[in-house]
Structures are given as C-alpha cells and as structure tokens.
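Presented below is the structure to which this report refers.
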Amino acid sequence: MFITSAYAAADTAAKLGEEAVKKKNVFPPFDPSTFTSQLLWLAITFGIFYFLMARVVLPRIGNILEVRRDRISQDLEEAQRLKEETDASIAAYEQELAEARKNAHTIAREASETAKLAADKERQKTEAKLANTLAQAEQTVRKVKDAALAQIDTIASDTTQAIISRLIGTKVTKAELAKAISKIAK
Amino acid sequence: MATHPDPIKQFAINKLLPLDINGVDLSFTNSSLFMVATVVLTSAYFLWSTGGRGMVPTRSQSVSEIVYEFVAGMLRDSAGSSGMKFFPFVFSLFMFILIINMFGMFPYFLTVTAHIIITIALAMAVFLTVLVVGFGRHGVGFLKLFVPSGVPMLIMPLVIAIEIISFIARPISHSVRLFANMLAGHITLKVFAGFIVSLSAMGTVGIVGSILPFAMTVGMTALEFLVAFLQAYVFTMLTCMYINDALHPGGH
C-alpha cells in the first residue's frame, strides 16, 4: 500500500512534468486545458455585462435620447405654433391696414365731393346774385337812357333858341323850333 | 532561446487563482482578469457617464450616446426595427470585444480574443441565437433561408447545398476571423519588435539597422489599433446580418 502510493506519487510527479513539457510545446490558443476556465469566466463576465447593459445602461441611455427627442419635437411644435400666431397677427394687421386705407380713401372722396358740392352751390348763388345785380344795373341804365332820350328834344330846342338869339338876336318861339327840329330829325 | 524573444509567449494563460473542481480546471487566470477588467471598466464608464441623465450631454455622456447610436444604427440598418429586440445582445458583444481588443494593445497585456475558444463561444452564442429565434419565429419556414428566390429549378439542389454549407460554416468563419486577426497581428508586432532587440545586440551596425523594424513596429501598432476596432465592428456587423436572417429568412 505504502509502496503503491509512493509509486503513485512518483507517477503523478512524472505526469505533471510531462504535462508541463507538453504545455510548453502547445500553442497557447490551442491548449485545451485552459478551455474550461476561459469558457467559465467568459460566461460569467459576459453574462454580468449583458445583464448590466440590458437592464441598466441601455434603457438609461435610450431614455435620455427619447426625452431629448420629445423635448426637441415639443420645442419645434411650440416654435411652429408661435410662428403661426405671428403669421396670423401679421395677416390681421395687414387686413386692418388695408381696411383703414380703404376707409381713408372713402372719407377723402366724400370730403372732396361735399366740398365740391358746397363750392358749386356757392358759385351758383354768387352767379345768381351777380346776374341779378347786372340786370338791375342794366334796367337803371335803360331808365336813365330813356329819360335822357326823352329830354333830348327839349335840350335841343333850348340850345337852338339860345344859339339863334345870340346869332341873329331874334326870339324864336318854342313851337316854331319844335316844328323845325322835327323836320330836320326826319 | 533566452535572448530570442518568443512571439507566442504573450498568449500564455497563467493561473492567478488556481481552482479545480472535480478535475475540471476553473482557475481565475490572466484571461479571466482581463475579461473582468473589461466588464468592470466598461460598465463603470457607462454608469458614471450617464448618471447625470443630462438633457444637454456632457462630453463623457456624449461618448456613451454616440456608441449607443452607432450600434443601434448598425443593427437597425441591417435587421430593421424588429431587430432592436436584440440590441442589448449586439451592444454587449460590440463593447465586450472592442474593449478586450483595446486592452490587448497594451504591452504585457493578454489579448483575450486571440484565444479561439473565446471567439468560438461568442460566435456560437450568435449562431444559437439565430437558430432559436429563426425556428422559434418561423418554424419550418426558417428553412426558406436556404432557398433563394429566382433560381432555376435545375440548379436549385446545388444552390441549396451551398447555402446550407455556408450557413453551417458561419460560426467557424465568424470566430476564426476575429481570432486570427488578433493573433496574427500581435505575433507580427512581436516578431518585428523582436528584430529590434536581436539587431541591436549586434553592435553599432545592428543598432542603426534596427531603425527599420522599429519604424515598422510603430506603423504596425497604429494598424493594430485599427484592426482591433475593425474586427469588433465586423463581428458585430455580421451578428446583425445573421439576426436579420433569423428575422426575415425569405428576404434575401
């Protein structure tokens, strides 16, 4: 038994030595004796890594990106809304401006029409007054003229009587003169 | 051997806390350490940066949001809005692989994705998800995936066979692409960096000559950063396309 175990120990030692020698000659990446350990630790580390990424890190980053995307689209919507509001108020302003311009035109036209009407009326009134005055004046002139014409025979006979009395010293009667004048005037 | 730097040593798995249960090795290794570091750092960053839940994001929160939108856009573009159910899975995959790849760019750090068992496990997770979702959603209709429309009946059996083979090969190509890129890049980087050490040990001429591999190493490092990102992107992109197949098997 003792001997057997000693042999066994020697055998193991020899085997270990053999293994060491073999290990030195084996290309490390193809050394199957390391495979189990590598596989185990790969499974452990990659498993933990996958768990952390899938449960904590990736949802967190995804959430950050989503929140940001939402925020950006929200801000864009808000900007769009404000822009529409601005456009609407600009349009309203333009419309009001156009209306005001139209009103102003109307008022100006009305004013000018009223003024023209008033001026026309005034002119007609003045013209009528002037015509009236003119007519009166003409009537006066005619009256004066008629009066003058009516007296012209008398003046002529008086003047002729005076001229004759001075020239020839004879008194001519009015009746004679009138006869003579009316003869000449004929 | 000791003077010559070993480009393979950087991929060695060291047990930090040996743990053996019934002969099954479950030790906490340097690989486990970097996976834990990735998870802790990435989760902490996301939790910290989004803690403010700012309407106006801070710089750090912006980074988290940009990554979120980037992966979400990738998934939405290839799988439609119904694919967003798998967003946590796709996002976790992308970040996990990306940060692990970036950790691998630090000198003396292990590149966890340069171990095929890791990439196979991730690719199988995607493959099984596609199978479960595909058959769960469409039942036998999921098999329409293998029958492209508009193919003449004569060559249909051939096309179906090719489709099935390419479908089964998916987890292999999916995992090997990431694994091989990370592995090859880091080996190349180490080999060129090793040239600097070997050359400069040869005296003045060697030191002058080592400028060449040094420049190469610098350039390769930049390229490796690109590859580290690109492979995480490609892995995720393919995942999105496979998920699309599971959701819309007839639509390709």
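Letters A, B, ... go to the chains of the structure tokens in the order shown; residues in each chain start at 1; ligands are counted from 1 in the same order.
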Please report as CSV every residue of chain A lying within 8 Å of chain B, along with the nearest atom pair and their distance in Å (one decimal), using only C-alpha atoms.
residue,atom,partner,partner_atom,distance
A:Phe27,CA,B:Ile8,CA,7.3
A:Pro28,CA,B:Ala12,CA,5.4
A:Pro29,CA,B:His115,CA,4.6
A:Phe30,CA,B:Ile116,CA,7.1
A:Ser33,CA,B:Asp25,CA,7.4
A:Thr34,CA,B:Ile13,CA,7.3
A:Phe35,CA,B:Ile117,CA,6.3
A:Thr36,CA,B:Asp25,CA,6.2
A:Ser37,CA,B:Leu26,CA,4.1
A:Gln38,CA,B:Ser32,CA,6.7
A:Leu39,CA,B:Ile118,CA,6.8
A:Leu40,CA,B:Leu26,CA,6.8
A:Trp41,CA,B:Ser32,CA,5.6
A:Leu42,CA,B:Met35,CA,7.0
A:Thr45,CA,B:Val36,CA,5.9
A:Phe46,CA,B:Val39,CA,7.5
A:Ile48,CA,B:Val39,CA,7.8
A:Phe49,CA,B:Val39,CA,5.7
A:Tyr50,CA,B:Ser92,CA,5.6
A:Leu52,CA,B:Ser43,CA,7.2
A:Met53,CA,B:Pro88,CA,6.3
A:Ala54,CA,B:Pro88,CA,5.0
A:Val57,CA,B:Leu47,CA,6.4
A:Leu58,CA,B:Pro88,CA,7.0
A:Arg60,CA,B:Thr50,CA,7.3
A:Ile61,CA,B:Glu65,CA,6.6
A:Ile64,CA,B:Arg53,CA,6.0
A:Leu65,CA,B:Glu65,CA,7.9
A:Val67,CA,B:Met55,CA,7.7
A:Arg68,CA,B:Met55,CA,6.0
Quiz item: Could you name the residues that touch region 105-109 of chain B at 8 Å or less, counting only C-alpha atoms, but leaving out those on the same chain fewer than 6 positions away, as a ChimeraX atom specification?
Solution: /B:10,221,224-225
Restricting it to N, CA, C and O atoms, dump the selection as a compact mmCIF listing (two decimals), in the first residue's frame.
# COMPACT_ATOMS: atom_id res chain seq x y z
N GLN B 10 3.29 35.73 -25.35
CA GLN B 10 2.30 36.74 -24.95
C GLN B 10 0.89 36.17 -24.84
O GLN B 10 0.02 36.78 -24.25
N THR B 221 1.70 49.11 -34.96
CA THR B 221 0.90 49.37 -33.76
C THR B 221 -0.33 50.19 -34.12
O THR B 221 -1.45 49.88 -33.69
N GLU B 224 -2.68 48.01 -35.85
CA GLU B 224 -3.33 47.07 -34.93
C GLU B 224 -4.48 47.73 -34.18
O GLU B 224 -5.48 47.09 -33.89
N PHE B 225 -4.33 49.02 -33.88
CA PHE B 225 -5.45 49.73 -33.25
C PHE B 225 -6.65 49.74 -34.18
O PHE B 225 -7.79 49.51 -33.77
Practice problem: Pick out the residues sitting within 12 Å of Leu128 (chain B), and hand them over as a PyMOL selection string; count only C-alpha atoms, and ignore anything fewer than 5 positions along from it in its own chain. | Solution: chain B and resi 120-123+133-136+167-168+170-171+239+242-243+246
Write to file, as a compact mmCIF listing (two decimals), in the first residue's frame, the residues of the selection just made, with all heavy atoms.
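Final file, result_30.txt:
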# COMPACT_ATOMS: atom_id res chain seq x y z
N ILE B 120 -14.92 31.36 -30.49
CA ILE B 120 -15.88 30.32 -30.85
C ILE B 120 -17.11 30.40 -29.95
O ILE B 120 -18.25 30.29 -30.41
CB ILE B 120 -15.22 28.91 -30.76
CG1 ILE B 120 -14.41 28.66 -32.03
CG2 ILE B 120 -16.28 27.83 -30.59
CD1 ILE B 120 -13.96 27.23 -32.21
N ALA B 121 -16.87 30.62 -28.66
CA ALA B 121 -18.00 30.70 -27.74
C ALA B 121 -18.91 31.87 -28.13
O ALA B 121 -20.15 31.73 -28.16
CB ALA B 121 -17.49 30.87 -26.31
N LEU B 122 -18.32 33.01 -28.45
CA LEU B 122 -19.13 34.18 -28.83
C LEU B 122 -19.87 33.92 -30.13
O LEU B 122 -21.07 34.23 -30.27
CB LEU B 122 -18.24 35.42 -28.96
CG LEU B 122 -17.64 35.94 -27.65
CD1 LEU B 122 -16.63 37.05 -27.93
CD2 LEU B 122 -18.72 36.42 -26.71
N ALA B 123 -19.15 33.33 -31.11
CA ALA B 123 -19.79 33.05 -32.40
C ALA B 123 -20.91 32.03 -32.24
O ALA B 123 -21.96 32.13 -32.88
CB ALA B 123 -18.75 32.56 -33.40
N VAL B 133 -34.10 31.78 -32.55
CA VAL B 133 -35.04 32.82 -32.99
C VAL B 133 -35.66 32.44 -34.34
O VAL B 133 -36.86 32.58 -34.54
CB VAL B 133 -34.32 34.18 -33.08
CG1 VAL B 133 -35.23 35.22 -33.72
CG2 VAL B 133 -33.89 34.64 -31.70
N GLY B 134 -34.81 31.95 -35.24
CA GLY B 134 -35.29 31.61 -36.57
C GLY B 134 -36.37 30.54 -36.54
O GLY B 134 -37.46 30.73 -37.08
N PHE B 135 -36.07 29.44 -35.85
CA PHE B 135 -37.06 28.35 -35.80
C PHE B 135 -38.22 28.72 -34.88
O PHE B 135 -39.36 28.32 -35.12
CB PHE B 135 -36.41 27.04 -35.35
CG PHE B 135 -35.66 26.36 -36.47
CD1 PHE B 135 -34.28 26.24 -36.44
CD2 PHE B 135 -36.35 25.85 -37.57
CE1 PHE B 135 -33.60 25.63 -37.49
CE2 PHE B 135 -35.68 25.24 -38.62
CZ PHE B 135 -34.30 25.13 -38.58
N GLY B 136 -37.93 29.49 -33.84
CA GLY B 136 -38.99 29.89 -32.91
C GLY B 136 -40.00 30.80 -33.59
O GLY B 136 -41.20 30.73 -33.32
N PHE B 167 -24.13 28.25 -44.33
CA PHE B 167 -24.78 28.57 -43.06
C PHE B 167 -24.08 27.87 -41.90
O PHE B 167 -23.83 28.46 -40.85
CB PHE B 167 -26.26 28.17 -43.10
CG PHE B 167 -27.02 28.54 -41.87
CD1 PHE B 167 -27.45 29.83 -41.68
CD2 PHE B 167 -27.29 27.59 -40.89
CE1 PHE B 167 -28.15 30.18 -40.53
CE2 PHE B 167 -27.99 27.94 -39.75
CZ PHE B 167 -28.42 29.24 -39.58
N ILE B 168 -23.74 26.60 -42.13
CA ILE B 168 -23.08 25.84 -41.07
C ILE B 168 -21.66 26.37 -40.83
O ILE B 168 -21.15 26.34 -39.71
CB ILE B 168 -23.07 24.34 -41.43
CG1 ILE B 168 -24.51 23.80 -41.34
CG2 ILE B 168 -22.18 23.55 -40.50
CD1 ILE B 168 -24.70 22.44 -41.95
N ARG B 170 -20.81 29.34 -40.88
CA ARG B 170 -20.84 30.69 -40.31
C ARG B 170 -20.12 30.82 -38.97
O ARG B 170 -19.26 31.69 -38.83
CB ARG B 170 -22.29 31.14 -40.14
CG ARG B 170 -22.80 31.88 -41.34
CD ARG B 170 -24.22 32.27 -41.09
NE ARG B 170 -24.84 32.84 -42.27
CZ ARG B 170 -26.10 33.27 -42.29
NH1 ARG B 170 -26.84 33.16 -41.21
NH2 ARG B 170 -26.60 33.78 -43.39
N PRO B 171 -20.45 29.98 -37.98
CA PRO B 171 -19.77 30.18 -36.70
C PRO B 171 -18.26 30.02 -36.81
O PRO B 171 -17.51 30.67 -36.09
CB PRO B 171 -20.38 29.12 -35.78
CG PRO B 171 -21.06 28.17 -36.68
CD PRO B 171 -21.44 28.92 -37.90
N THR B 239 -23.01 39.78 -36.93
CA THR B 239 -24.06 39.38 -35.99
C THR B 239 -25.39 40.00 -36.40
O THR B 239 -26.43 39.32 -36.43
CB THR B 239 -23.67 39.81 -34.57
OG1 THR B 239 -22.42 39.23 -34.25
CG2 THR B 239 -24.72 39.38 -33.57
N TYR B 242 -26.75 38.20 -39.43
CA TYR B 242 -27.27 36.87 -39.09
C TYR B 242 -28.62 36.99 -38.39
O TYR B 242 -29.54 36.20 -38.63
CB TYR B 242 -26.27 36.11 -38.21
CG TYR B 242 -24.96 35.82 -38.91
CD1 TYR B 242 -23.82 35.47 -38.18
CD2 TYR B 242 -24.84 35.89 -40.30
CE1 TYR B 242 -22.62 35.20 -38.81
CE2 TYR B 242 -23.64 35.63 -40.93
CZ TYR B 242 -22.53 35.29 -40.19
OH TYR B 242 -21.35 35.04 -40.81
N ILE B 243 -28.72 38.01 -37.51
CA ILE B 243 -30.00 38.22 -36.82
C ILE B 243 -31.08 38.59 -37.84
O ILE B 243 -32.23 38.15 -37.74
CB ILE B 243 -29.84 39.30 -35.74
CG1 ILE B 243 -29.08 38.70 -34.55
CG2 ILE B 243 -31.19 39.83 -35.28
CD1 ILE B 243 -28.73 39.68 -33.48
N ALA B 246 -32.38 35.55 -39.27
CA ALA B 246 -33.29 34.86 -38.37
C ALA B 246 -34.67 35.51 -38.38
O ALA B 246 -35.69 34.82 -38.26
CB ALA B 246 -32.72 34.87 -36.95
Exercise. List every residue of region 12-150 of chain B that DSSP, applied to the backbone of this structure, places in strand (DSSP E), and write the result as an MDAnalysis selection string.
Key: chainID B and resid 15:17 20:21 24:25 28:29
Quiz item: Counting only C-alpha atoms, what is within 7 Å of region 184-193 of chain B, bar same-chain residues fewer than 6 positions away, as a list in words?
Solution: Pro7, Ile8, Pro213, Phe214, Thr217, Met220 and Glu224 of chain B
Selection export as a compact mmCIF listing (two decimals), in the first residue's frame, atoms kept: N, CA and C atoms:
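In the end it all went to part15.txt:
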# COMPACT_ATOMS: atom_id res chain seq x y z
N PRO B 7 7.54 35.14 -29.68
CA PRO B 7 6.31 35.88 -30.02
C PRO B 7 5.04 35.18 -29.55
N ILE B 8 5.19 33.91 -29.10
CA ILE B 8 4.00 33.15 -28.70
C ILE B 8 3.72 33.34 -27.21
N PRO B 213 13.06 47.97 -38.41
CA PRO B 213 11.96 47.26 -37.72
C PRO B 213 11.26 48.12 -36.68
N PHE B 214 11.99 49.11 -36.14
CA PHE B 214 11.35 49.98 -35.15
C PHE B 214 10.23 50.80 -35.81
N THR B 217 7.41 48.62 -36.47
CA THR B 217 6.63 48.32 -35.26
C THR B 217 5.67 49.46 -34.93
N MET B 220 2.91 49.31 -37.42
CA MET B 220 2.05 48.14 -37.16
C MET B 220 1.16 48.38 -35.95
N GLU B 224 -2.68 48.01 -35.85
CA GLU B 224 -3.33 47.07 -34.93
C GLU B 224 -4.48 47.73 -34.18
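CA of His138 (chain B) is found 8.2 Å from CA of Leu247 (chain B).
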Quiz prompt | Separation of CA of Ser82 (chain B) from CA of Val56 (chain A), in Å and rounded to one decimal | solution = 21.1 Å
Exercise. Could you pull out the residues in region 4-228 of chain B that DSSP calls alpha helix (DSSP H) from the backbone, as a VMD selection string?
Key: chain B and resid 30 to 49 59 to 79 87 to 103 116 to 138 156 to 200 204 to 209 211 to 228
Quiz item: In terms of the shortest atom-to-atom distance over only C-alpha atoms, which of A:Lys174, A:Ala111, A:Glu122, A:Lys145 is closest to Asp158 (chain A)?
Solution: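 Among A:Lys174, A:Ala111, A:Glu122, A:Lys145, it is A:Lys174 that comes nearest to Asp158 (chain A).
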Exercise. Can you work out the spacing between CA of Phe70 (chain B) and CA of Asn181 (chain B) in Å, to one decimal?
Key: 22.8 Å
